[in-house]
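Have a look at the structure below, then the notes.
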Amino acid sequence: MKREKQVAEKLIAAGKTITFMESCTAGLLASMLTDTEGVSAVFKGSIVTYSNEAKAAAGVPPFVIQEYGVYSAQCAREMAAAAQEAYCSDIAVGITGTTGNADRENEGSREGEAYYCIIAGEDIHDYRIRAQVAGMTRREIKELYAADVYEKLLELL
């Protein structure tokens, strides 16, 4: 059984709600979760914030992006917190990073690196992915990141 289906079924069984704020995965986490029938009972919604401006508009304090960078654990944590607040969910995930070549527009960008945060109630879990992505498509990189997120969600549930 796929990880995202296992996560969906565990959320449904526990009656726990979830939401996402996604940057580098561009909505893939939400799309994967909604492949499971009945998930509408626990999936509150998702925000795709691909640009820095979108992150700020969705609730990430601009000083976090300026001080720590858009590709940072701090930014991922603020993304998760903003998503949790926006949807009043039990669990929230924020993810930011690069899919392929380093982003020359944003200092601190490293190829194959992503940060994500899972907030479950009062518990905050920060993660960093560092992967060799040479030769991979952007879709494959997003799938790699999503698999990591769902693996950690399974562990936490």
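Please note that chains go A, B, ... in the order of the structure tokens, that every chain numbers its residues from 1, and that ligands are numbered from 1 in the order shown.
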Any idea what's packed within 9 Å of A:Leu157, counting only C-alpha atoms, ignoring anything in its chain fewer than 6 positions away? Could you give it as a list of chain:residue names? A:Val7, A:Lys10, A:Leu11, A:Ala14
Please produce, as JSON lines, a per-residue contact table for stretch 111-156 of chain A versus stretch 24-41 of chain A (criterion: any atom at most 8 Å away, only C-alpha atoms considered), showing the nearest atom pair and its distance in Å to one decimal, sorted by chain then residue number.
{"residue": "A:Ala114", "atom": "CA", "partner": "A:Cys24", "partner_atom": "CA", "distance": 7.8}
{"residue": "A:Lys142", "atom": "CA", "partner": "A:Thr25", "partner_atom": "CA", "distance": 5.1}
{"residue": "A:Glu143", "atom": "CA", "partner": "A:Leu28", "partner_atom": "CA", "distance": 7.7}
{"residue": "A:Tyr145", "atom": "CA", "partner": "A:Thr25", "partner_atom": "CA", "distance": 7.3}
{"residue": "A:Ala146", "atom": "CA", "partner": "A:Leu29", "partner_atom": "CA", "distance": 6.0}
What does the distance from atom CA of A:Glu140 to atom CA of A:Ala57 come to in Å, to one decimal? 28.4 Å
Return as a PyMOL selection string the full set of residues in chain A whose backbone-based DSSP assignment is strand (DSSP E or B). chain A and resi 18-22+43-48+91-97+113-120+123-130
Which residues come within 12 Å of stretch 82-85 of chain A, counting only C-alpha atoms, excluding same-chain residues fewer than 5 positions away, as a ChimeraX atom specification? /A:17-22,43-49,55-61,75-77,90-95,117-122,124
Please return as a ChimeraX atom specification: the residues of stretch 1-140 of chain A that backbone DSSP assigns to alpha helix (DSSP H). /A:3-14,28-33,52-57,62-68,73-87,138-140
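Counting only C-alpha atoms and comparing A:Thr96, A:Ser89, A:Gln132, A:Gln66, the residue that lies closest to A:Val42 is A:Ser89.
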Polymer residues at most 10 Å from A:Asp148, only C-alpha atoms, same-chain spacing of 5 or more positions, as a PyMOL selection string: chain A and resi 3+116+127-129+142-143+153-154
